[in-house]
Structure formats: structure tokens, C-alpha cells
Amino acid sequence: MAIPGYSNFKGEEWIDPTPPPKDLPPVDEVGCTGAPLKSASFFIGSQCKEYNEDFMLCKNETRDPKHCLKEGRKVTRCTVDALQKIQAQCADEFRAHWQCLDIKNQEYGRCREQEKPLNSCLFTAFGWKKDIPDAPTNKPQIHERIPLTR
């Protein structure tokens, strides 16, 4: 049975026949869909900032993808670690927020109600910060604003 639009993909699991280089330690894939990643993205970004910056600098050095495999694996490990911490301490809040994003077309603005408890849990449990890149410095971050009453 072929998946519509993908005539060459028959639905079976695809395994890359090319093994990674022997000098790279194995690392598990993140293994989640877009909604949980988007829900946790600002926290992952702040926790893994150094690894992400190293990876991007490496990518700018050369067009050879093999050149940055080690840096990419560090980013993946950091992401998995952050997601495991979030799941361990704030599972219900995390699930509520990412399920909202999944249902509401991945739009943050439509899930602020579920975002606040998640933020509060992560701020309390880990002391993590949530900084939105390129946000105006003279105004509160959008997740810190008091909503307008109707």
C-alpha cells in the first residue's frame, strides 16, 4: 500500500543503510512531533543555546554535513535532556499546552491559557527563563503581559 503522494514509499519502515562514522557516539533521536517541540522550544532554546550556537558556527564553516555531526549530536542530546526534565516535572501542563497547539494550528496566541501553567511550573521547578528572541526590551515579554479583559 503506497501512501498518497509518495509513490516510492510503500509504508514500511525505512532504515538508512549508511552507518554513521565509528568515531561518533550513538545518540537517540528526539522522537516527538512538532507540537511538543514547539511547546518546549523557548525552553530548549535557552537551555541548549551554547550547543545550538556551536552547531550553527560549524555549519557556517563548511558545506560538508559530516563536518558538524558531533555538534549536531550535542544539540540532540541537550534537546532530549530538556524534554525529559519537562516531562518529569510538568507532564500535565506540558501535555495540555502541546495538545492545544496541535489542535489549534500551532498558534501560540490561541493557547496562552495552557501556556501560563506550563511556564509557571517550569519557572518554579527549574528556575528557567523564557526569553523571546528579538522582543522589545522596553516591554514585558508576551507571556508576561496581563491579558485584556473583554
# chains A, B, ... in the order shown; residues from 1 in each chain; ligands from 1
$ residues_around --residues "Val80 (chain A)" --least-positions-apart "5" --cutoff "10 Å" --atoms "only C-alpha atoms" --output "compact mmCIF listing (two decimals) with all heavy atoms, in the first residue's frame"
# COMPACT_ATOMS: atom_id res chain seq x y z
N VAL A 27 23.47 8.38 19.52
CA VAL A 27 22.54 9.26 20.21
C VAL A 27 21.13 8.95 19.70
O VAL A 27 20.93 8.71 18.52
CB VAL A 27 22.90 10.75 20.00
CG1 VAL A 27 22.78 11.16 18.56
CG2 VAL A 27 22.05 11.66 20.87
N ASP A 28 20.18 8.89 20.62
CA ASP A 28 18.80 8.63 20.23
C ASP A 28 18.22 9.85 19.55
O ASP A 28 18.61 10.99 19.83
CB ASP A 28 17.95 8.29 21.46
CG ASP A 28 18.33 6.96 22.08
OD1 ASP A 28 18.83 6.09 21.33
OD2 ASP A 28 18.15 6.80 23.28
N GLU A 29 17.26 9.61 18.68
CA GLU A 29 16.53 10.71 18.05
C GLU A 29 15.63 11.35 19.10
O GLU A 29 15.30 10.74 20.12
CB GLU A 29 15.69 10.19 16.88
CG GLU A 29 16.52 9.64 15.73
CD GLU A 29 17.36 10.72 15.05
OE1 GLU A 29 16.92 11.87 14.96
OE2 GLU A 29 18.47 10.38 14.62
N VAL A 30 15.19 12.56 18.84
CA VAL A 30 14.31 13.25 19.78
C VAL A 30 13.00 12.49 19.90
O VAL A 30 12.50 12.30 20.99
CB VAL A 30 14.09 14.72 19.35
CG1 VAL A 30 13.06 15.39 20.24
CG2 VAL A 30 15.40 15.48 19.38
N GLY A 31 12.44 12.06 18.81
CA GLY A 31 11.30 11.17 18.84
C GLY A 31 9.98 11.80 19.24
O GLY A 31 9.18 11.16 19.92
N CYS A 32 9.74 13.04 18.88
CA CYS A 32 8.42 13.61 19.13
C CYS A 32 8.02 14.47 17.95
O CYS A 32 8.83 14.82 17.10
CB CYS A 32 8.38 14.38 20.45
SG CYS A 32 9.34 15.88 20.50
N ILE A 44 13.93 24.91 25.39
CA ILE A 44 15.03 24.18 24.74
C ILE A 44 16.06 25.17 24.23
O ILE A 44 17.26 24.98 24.40
CB ILE A 44 14.51 23.29 23.60
CG1 ILE A 44 13.65 22.14 24.16
CG2 ILE A 44 15.66 22.74 22.76
CD1 ILE A 44 12.90 21.36 23.10
N LYS A 74 25.29 16.85 19.97
CA LYS A 74 25.22 17.55 21.25
C LYS A 74 23.90 18.31 21.37
O LYS A 74 23.27 18.33 22.43
CB LYS A 74 26.39 18.52 21.40
CG LYS A 74 27.72 17.82 21.62
CD LYS A 74 28.86 18.81 21.68
CE LYS A 74 30.20 18.10 21.77
NZ LYS A 74 31.33 19.04 21.74
N VAL A 75 23.46 18.92 20.27
CA VAL A 75 22.17 19.63 20.26
C VAL A 75 21.04 18.63 20.52
O VAL A 75 20.14 18.90 21.33
CB VAL A 75 21.95 20.36 18.91
CG1 VAL A 75 20.54 20.91 18.82
CG2 VAL A 75 22.97 21.47 18.73
N LYS A 85 13.33 16.42 31.28
CA LYS A 85 13.14 17.20 32.50
C LYS A 85 11.75 17.81 32.54
O LYS A 85 11.08 17.79 33.59
CB LYS A 85 14.19 18.31 32.60
CG LYS A 85 15.58 17.82 32.94
CD LYS A 85 16.57 18.97 32.97
CE LYS A 85 17.97 18.49 33.28
NZ LYS A 85 18.94 19.58 33.24
N ILE A 86 11.32 18.37 31.42
CA ILE A 86 9.98 18.96 31.35
C ILE A 86 8.93 17.90 31.63
O ILE A 86 8.00 18.11 32.42
CB ILE A 86 9.74 19.63 29.97
CG1 ILE A 86 10.63 20.85 29.83
CG2 ILE A 86 8.27 19.99 29.79
CD1 ILE A 86 10.68 21.43 28.42
$ atom_distance --atom1 "CA of Phe55 (chain A)" --atom2 "CA of Pro25 (chain A)"
16.5 Å
$ closest_residue --among "A:Pro65, A:Pro36, A:Pro133, A:Pro140" --to "Cys100 (chain A)" --atoms "only C-alpha atoms"
A:Pro36
$ closest_residue --among "A:Pro19, A:Gly127, A:Gln114, A:Ile132" --to "Gly45 (chain A)" --atoms "only C-alpha atoms"
A:Ile132
$ atom_distance --atom1 "CA of Asp92 (chain A)" --atom2 "CA of Trp128 (chain A)"
17.9 Å
$ residues_around --residues "Ala88 (chain A)" --least-positions-apart "5" --cutoff "12 Å" --atoms "only C-alpha atoms" --output "MDAnalysis selection string"
chainID A and resid 81:83 93:95 121:122 125:126
$ closest_residue --among "A:Arg63, A:Arg112, A:Lys49, A:Lys70" --to "Leu24 (chain A)" --atoms "only C-alpha atoms"
A:Lys70
$ residues_around --residues "Glu107 (chain A)" --least-positions-apart "4" --cutoff "12 Å" --atoms "only C-alpha atoms" --output "list in words"
Gly34, Ala35, Lys38, Ser39, His97, Trp98, Gln99, Cys100, Leu101, Asp102, Ile103, Cys111, Arg112 and Glu115 of chain A
$ select_by_dssp --residues "region 8-147 of chain A" --states "helix (DSSP H, G or I)" --output "JSON, numbers by chain"
{"A": [34, 35, 36, 37, 38, 39, 40, 41, 42, 43, 44, 45, 46, 47, 49, 50, 51, 52, 53, 54, 55, 56, 57, 58, 59, 60, 61, 65, 66, 67, 68, 69, 70, 71, 72, 73, 74, 75, 76, 77, 78, 79, 80, 81, 82, 83, 84, 85, 86, 87, 88, 89, 90, 91, 92, 93, 94, 95, 96, 97, 98, 99, 100, 101, 102, 103, 108, 109, 110, 111, 112, 113, 114, 115, 116, 117, 118, 119, 120, 121, 122, 123, 124, 125, 126, 142, 143, 144]}
$ closest_residue --among "A:Pro21, A:Leu37, A:Cys90, A:Arg110" --to "Lys66 (chain A)" --atoms "only C-alpha atoms"
A:Pro21
$ atom_distance --atom1 "CA of Lys139 (chain A)" --atom2 "CA of Glu113 (chain A)"
20.5 Å
$ decode --residues "region 16-45 of chain A" --atoms "N, CA, C and O atoms" --output "compact mmCIF listing (two decimals), in the first residue's frame"
# COMPACT_ATOMS: atom_id res chain seq x y z
N ASP A 16 18.25 3.77 7.28
CA ASP A 16 19.37 4.27 6.49
C ASP A 16 20.45 3.20 6.43
O ASP A 16 20.97 2.77 7.46
N PRO A 17 20.83 2.75 5.22
CA PRO A 17 21.83 1.69 5.11
C PRO A 17 23.26 2.19 5.35
O PRO A 17 24.17 1.39 5.49
N THR A 18 23.43 3.50 5.44
CA THR A 18 24.77 4.05 5.63
C THR A 18 25.02 4.27 7.12
O THR A 18 24.40 5.12 7.73
N PRO A 19 25.89 3.50 7.72
CA PRO A 19 26.13 3.68 9.16
C PRO A 19 26.88 4.99 9.41
O PRO A 19 27.64 5.45 8.57
N PRO A 20 26.68 5.58 10.59
CA PRO A 20 27.44 6.78 10.92
C PRO A 20 28.90 6.43 11.14
O PRO A 20 29.24 5.27 11.38
N PRO A 21 29.78 7.41 11.08
CA PRO A 21 31.20 7.14 11.33
C PRO A 21 31.41 6.51 12.72
O PRO A 21 30.68 6.80 13.67
N LYS A 22 32.40 5.64 12.81
CA LYS A 22 32.67 4.90 14.05
C LYS A 22 33.08 5.80 15.22
O LYS A 22 32.87 5.45 16.37
N ASP A 23 33.67 6.97 14.92
CA ASP A 23 34.14 7.83 16.00
C ASP A 23 33.03 8.67 16.64
O ASP A 23 33.28 9.40 17.58
N LEU A 24 31.79 8.54 16.14
CA LEU A 24 30.67 9.28 16.72
C LEU A 24 29.93 8.41 17.72
O LEU A 24 29.53 7.29 17.40
N PRO A 25 29.73 8.90 18.92
CA PRO A 25 28.94 8.12 19.88
C PRO A 25 27.48 8.09 19.45
O PRO A 25 26.99 9.05 18.86
N PRO A 26 26.79 6.98 19.70
CA PRO A 26 25.38 6.92 19.30
C PRO A 26 24.53 7.88 20.13
O PRO A 26 24.83 8.16 21.29
N VAL A 27 23.47 8.38 19.52
CA VAL A 27 22.54 9.26 20.21
C VAL A 27 21.13 8.95 19.70
O VAL A 27 20.93 8.71 18.52
N ASP A 28 20.18 8.89 20.62
CA ASP A 28 18.80 8.63 20.23
C ASP A 28 18.22 9.85 19.55
O ASP A 28 18.61 10.99 19.83
N GLU A 29 17.26 9.61 18.68
CA GLU A 29 16.53 10.71 18.05
C GLU A 29 15.63 11.35 19.10
O GLU A 29 15.30 10.74 20.12
N VAL A 30 15.19 12.56 18.84
CA VAL A 30 14.31 13.25 19.78
C VAL A 30 13.00 12.49 19.90
O VAL A 30 12.50 12.30 20.99
N GLY A 31 12.44 12.06 18.81
CA GLY A 31 11.30 11.17 18.84
C GLY A 31 9.98 11.80 19.24
O GLY A 31 9.18 11.16 19.92
N CYS A 32 9.74 13.04 18.88
CA CYS A 32 8.42 13.61 19.13
C CYS A 32 8.02 14.47 17.95
O CYS A 32 8.83 14.82 17.10
N THR A 33 6.74 14.80 17.92
CA THR A 33 6.20 15.56 16.80
C THR A 33 6.41 17.06 17.01
O THR A 33 6.98 17.49 18.02
N GLY A 34 5.92 17.84 16.08
CA GLY A 34 6.14 19.28 16.11
C GLY A 34 5.51 20.00 17.29
O GLY A 34 6.07 20.95 17.83
N ALA A 35 4.31 19.58 17.72
CA ALA A 35 3.62 20.30 18.79
C ALA A 35 4.40 20.27 20.12
O ALA A 35 4.58 21.33 20.74
N PRO A 36 4.87 19.11 20.59
CA PRO A 36 5.66 19.13 21.83
C PRO A 36 6.96 19.93 21.67
O PRO A 36 7.37 20.64 22.59
N LEU A 37 7.60 19.82 20.49
CA LEU A 37 8.82 20.59 20.27
C LEU A 37 8.53 22.09 20.29
O LEU A 37 9.30 22.87 20.85
N LYS A 38 7.43 22.50 19.68
CA LYS A 38 7.09 23.92 19.66
C LYS A 38 6.73 24.40 21.06
O LYS A 38 7.11 25.48 21.47
N SER A 39 6.00 23.57 21.81
CA SER A 39 5.63 23.93 23.18
C SER A 39 6.87 24.17 24.04
O SER A 39 6.90 25.11 24.84
N ALA A 40 7.87 23.36 23.87
CA ALA A 40 9.09 23.46 24.68
C ALA A 40 10.19 24.28 24.02
O ALA A 40 11.25 24.47 24.61
N SER A 41 9.94 24.81 22.85
CA SER A 41 11.02 25.39 22.02
C SER A 41 11.79 26.52 22.70
O SER A 41 13.01 26.58 22.61
N PHE A 42 11.10 27.43 23.39
CA PHE A 42 11.82 28.55 24.01
C PHE A 42 12.69 28.06 25.17
O PHE A 42 13.78 28.57 25.40
N PHE A 43 12.21 27.05 25.88
CA PHE A 43 12.99 26.49 26.98
C PHE A 43 14.17 25.68 26.43
O PHE A 43 15.27 25.76 26.97
N ILE A 44 13.93 24.91 25.39
CA ILE A 44 15.03 24.18 24.74
C ILE A 44 16.06 25.17 24.23
O ILE A 44 17.26 24.98 24.40
N GLY A 45 15.57 26.24 23.61
CA GLY A 45 16.47 27.26 23.07
C GLY A 45 17.35 27.88 24.14
O GLY A 45 18.55 28.10 23.94
